[in-house]
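Participant: This is the structure I have questions about; it appears just below.
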Amino acid sequence: MPESEGPTASTSIASDPGDADPGDTALGDAAPSGPVLELTARLMSASNATFVGTYSVPGADPVDVVYKPSRGEKPLWDFPNNDLANREVAAYLVSEALGWNIVPRTWLGDGQFGPGMLQLWQDIDEAQDPVDLVAATEVPGDGWRTVLSGEDETGREVVLVHEDSPIMRRMAIFDAIVNNADRKGGHVLAMPDGHRYGVDHGLSFHVEPKLRTVLWGWVGEPISDDETTSIRKLHEALADTRDGGLGARLAELLSVAELGQLAARVERLAAEREFPAPEGDMPAAPWPLF
């Protein structure tokens, strides 16, 4: 786990019953009553205030979570203040609508340091590196994609690579859909069973092109039939503004303009069926890369 420090234990935290996952037995079968979050550590490497804790609901097994209070967000020139938690939850809802299980269970809550985002903690396999920076003489072959090359601080030529796998393809498409401005290598979590989760989606859903990612290995290549089917289903779900529908739930988290651009990106991907290339004047990759 990253460098941490232990804060005092928290008080109760309210969950959003509208985000309850009936299939997650650890979170209970119904809207939780009297949940409690006990903070155990602070992740000092995170750019915004980020804590780890245990989330307990009466009648259900406790689960480990990440808690990001909105008041701990650093102001940004291109995103609204104290709004990143909403974008994290919106990213989870889009991931679920696609059926790709890219974003861990994420919801809004109110904890020791105020309202913010809660997300199920993931125990990763640190021996796996789905995104890596390797020497130019050690670039892996089959099963990997090359993104860019450059020099490290010693002048050695290095190459940024990532896995070529179905879940990583889907994550790249997902990032294009949500307009993710911050897909660093460390924001891809390698699970022991081979699954990959994406985290840290606060810098997403901007109305202007902001896609900055380390997953550029498929630029210009076709999106598969199965992937296109999921994208089209998402487009249909975005139009569902009934109570509990995806469109209605996202409208509580994003602006009208952001929702409009989200729908436009989804429609364009479904029509073009091609992995997008970088656009705009912003750098195509985040910095630092990890």
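Labeling convention for the structure tokens: chains A, B, ... as they appear, residues from 1 per chain, ligands from 1 in order of appearance.
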Near Leu211 (chain A), within 12 Å and counting only C-alpha atoms, which residues show up once chain neighbours fewer than 2 positions away are dropped, as a PyMOL selection string?
Facilitator: chain A and resi 172-184+201+203-209+213-216+265+276-286
Participant: Which neighbours of region 144-151 of chain A fall inside 6 Å, counting only C-alpha atoms, when residues of the same chain fewer than 5 positions from it are skipped, and could you give them as a ChimeraX atom specification?
Facilitator: /A:156-164,216-217
Participant: Go ahead and save the picked residues with C-alpha atoms, as an mmCIF file, in the first residue's frame.
Facilitator:
```cif
data_model
loop_
_atom_site.group_PDB
_atom_site.id
_atom_site.type_symbol
_atom_site.label_atom_id
_atom_site.label_comp_id
_atom_site.auth_asym_id
_atom_site.auth_seq_id
_atom_site.Cartn_x
_atom_site.Cartn_y
_atom_site.Cartn_z
ATOM 1 C CA ARG A 156 18.608 5.826 -21.745
ATOM 2 C CA GLU A 157 15.965 5.229 -24.422
ATOM 3 C CA VAL A 158 12.757 3.899 -22.895
ATOM 4 C CA VAL A 159 9.394 2.817 -24.308
ATOM 5 C CA LEU A 160 5.906 3.026 -22.803
ATOM 6 C CA VAL A 161 3.963 -0.198 -23.374
ATOM 7 C CA HIS A 162 0.666 -1.670 -22.243
ATOM 8 C CA GLU A 163 -1.042 -5.039 -22.438
ATOM 9 C CA ASP A 164 -2.987 -5.984 -25.549
ATOM 10 C CA TRP A 216 -3.065 4.682 -27.153
ATOM 11 C CA GLY A 217 -1.961 1.310 -28.532
#
```
Participant: I need the strand (DSSP E) residues of region 150-216 of chain A per DSSP on the backbone, written as a PyMOL selection string.
Facilitator: chain A and resi 150-151+157-163+188-190+196-198
Participant: Just write the chosen residues, N, CA and C atoms, as a PDB file, in the first residue's frame.
Facilitator:
```pdb
ATOM      1  N   GLY A 150      11.017   7.579 -25.524  1.00  0.00           N
ATOM      2  CA  GLY A 150      11.700   8.787 -25.084  1.00  0.00           C
ATOM      3  C   GLY A 150      12.959   8.412 -24.331  1.00  0.00           C
ATOM      4  N   GLU A 151      13.477   9.344 -23.544  1.00  0.00           N
ATOM      5  CA  GLU A 151      14.677   9.104 -22.756  1.00  0.00           C
ATOM      6  C   GLU A 151      14.372   9.329 -21.283  1.00  0.00           C
ATOM      7  N   GLU A 157      17.212   5.253 -23.668  1.00  0.00           N
ATOM      8  CA  GLU A 157      15.965   5.229 -24.422  1.00  0.00           C
ATOM      9  C   GLU A 157      14.995   4.246 -23.771  1.00  0.00           C
ATOM     10  N   VAL A 158      13.781   4.730 -23.523  1.00  0.00           N
ATOM     11  CA  VAL A 158      12.757   3.899 -22.895  1.00  0.00           C
ATOM     12  C   VAL A 158      11.484   3.940 -23.734  1.00  0.00           C
ATOM     13  N   VAL A 159      10.628   2.947 -23.536  1.00  0.00           N
ATOM     14  CA  VAL A 159       9.394   2.817 -24.308  1.00  0.00           C
ATOM     15  C   VAL A 159       8.232   2.548 -23.353  1.00  0.00           C
ATOM     16  N   LEU A 160       7.129   3.256 -23.568  1.00  0.00           N
ATOM     17  CA  LEU A 160       5.906   3.026 -22.803  1.00  0.00           C
ATOM     18  C   LEU A 160       5.084   1.961 -23.514  1.00  0.00           C
ATOM     19  N   VAL A 161       4.732   0.905 -22.797  1.00  0.00           N
ATOM     20  CA  VAL A 161       3.963  -0.198 -23.374  1.00  0.00           C
ATOM     21  C   VAL A 161       2.779  -0.517 -22.469  1.00  0.00           C
ATOM     22  N   HIS A 162       1.773  -1.156 -23.051  1.00  0.00           N
ATOM     23  CA  HIS A 162       0.666  -1.670 -22.243  1.00  0.00           C
ATOM     24  C   HIS A 162       0.189  -2.994 -22.821  1.00  0.00           C
ATOM     25  N   GLU A 163      -0.523  -3.745 -22.012  1.00  0.00           N
ATOM     26  CA  GLU A 163      -1.042  -5.039 -22.438  1.00  0.00           C
ATOM     27  C   GLU A 163      -2.013  -4.890 -23.606  1.00  0.00           C
ATOM     28  N   VAL A 188      -4.480   1.991 -13.495  1.00  0.00           N
ATOM     29  CA  VAL A 188      -4.915   0.675 -13.980  1.00  0.00           C
ATOM     30  C   VAL A 188      -4.511  -0.339 -12.913  1.00  0.00           C
ATOM     31  N   LEU A 189      -5.490  -0.976 -12.293  1.00  0.00           N
ATOM     32  CA  LEU A 189      -5.225  -1.907 -11.199  1.00  0.00           C
ATOM     33  C   LEU A 189      -5.208  -3.339 -11.718  1.00  0.00           C
ATOM     34  N   ALA A 190      -4.113  -4.036 -11.450  1.00  0.00           N
ATOM     35  CA  ALA A 190      -3.954  -5.425 -11.889  1.00  0.00           C
ATOM     36  C   ALA A 190      -4.454  -6.363 -10.802  1.00  0.00           C
ATOM     37  N   ARG A 196      -8.552  -6.234 -14.936  1.00  0.00           N
ATOM     38  CA  ARG A 196      -7.978  -4.903 -14.739  1.00  0.00           C
ATOM     39  C   ARG A 196      -9.106  -3.928 -14.428  1.00  0.00           C
ATOM     40  N   TYR A 197      -8.919  -3.183 -13.332  1.00  0.00           N
ATOM     41  CA  TYR A 197      -9.852  -2.109 -12.990  1.00  0.00           C
ATOM     42  C   TYR A 197      -9.222  -0.764 -13.331  1.00  0.00           C
ATOM     43  N   GLY A 198     -10.066   0.193 -13.664  1.00  0.00           N
ATOM     44  CA  GLY A 198      -9.636   1.571 -13.825  1.00  0.00           C
ATOM     45  C   GLY A 198     -10.172   2.402 -12.673  1.00  0.00           C
TER      46      GLY A 198
END
```
Participant: Name the closest residue to Val66 (chain A) among the candidates A:Gln261, A:Thr54, A:Gln128, A:Asn86; distances are taken between atoms, counting only C-alpha atoms.
Facilitator: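 Distance minimum relative to Val66 (chain A) lands on A:Thr54.
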Participant: As an exercise, work out the distance from CA of Leu234 (chain A) to CA of Pro69 (chain A) in Å and give it to one decimal place.
Facilitator: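 Distance between the two atoms: 29.0 Å.
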Participant: Please determine, counting only C-alpha atoms, which residue among A:Pro115, A:Gly155, A:Pro75, A:Pro288 has the shortest atom-to-atom distance to Ala136 (chain A).
Facilitator: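 Comparing A:Pro115, A:Gly155, A:Pro75, A:Pro288 against Ala136 (chain A), the winner is A:Gly155.
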Participant: Point out the residue among A:Met44, A:Gly72, A:Glu88, A:His195 with the least atom-to-atom distance to Asn101 (chain A), counting only C-alpha atoms.
Facilitator: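 Going through A:Met44, A:Gly72, A:Glu88, A:His195 one by one, the smallest distance to Asn101 (chain A) is for A:His195.
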Participant: Could you check the closest approach to Arg249 (chain A) for each of A:Lys74, A:Asp193, A:Ala237, A:Val63 and tell me which residue wins, using only C-alpha atoms?
Facilitator: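 Nearest to Arg249 (chain A): A:Ala237.
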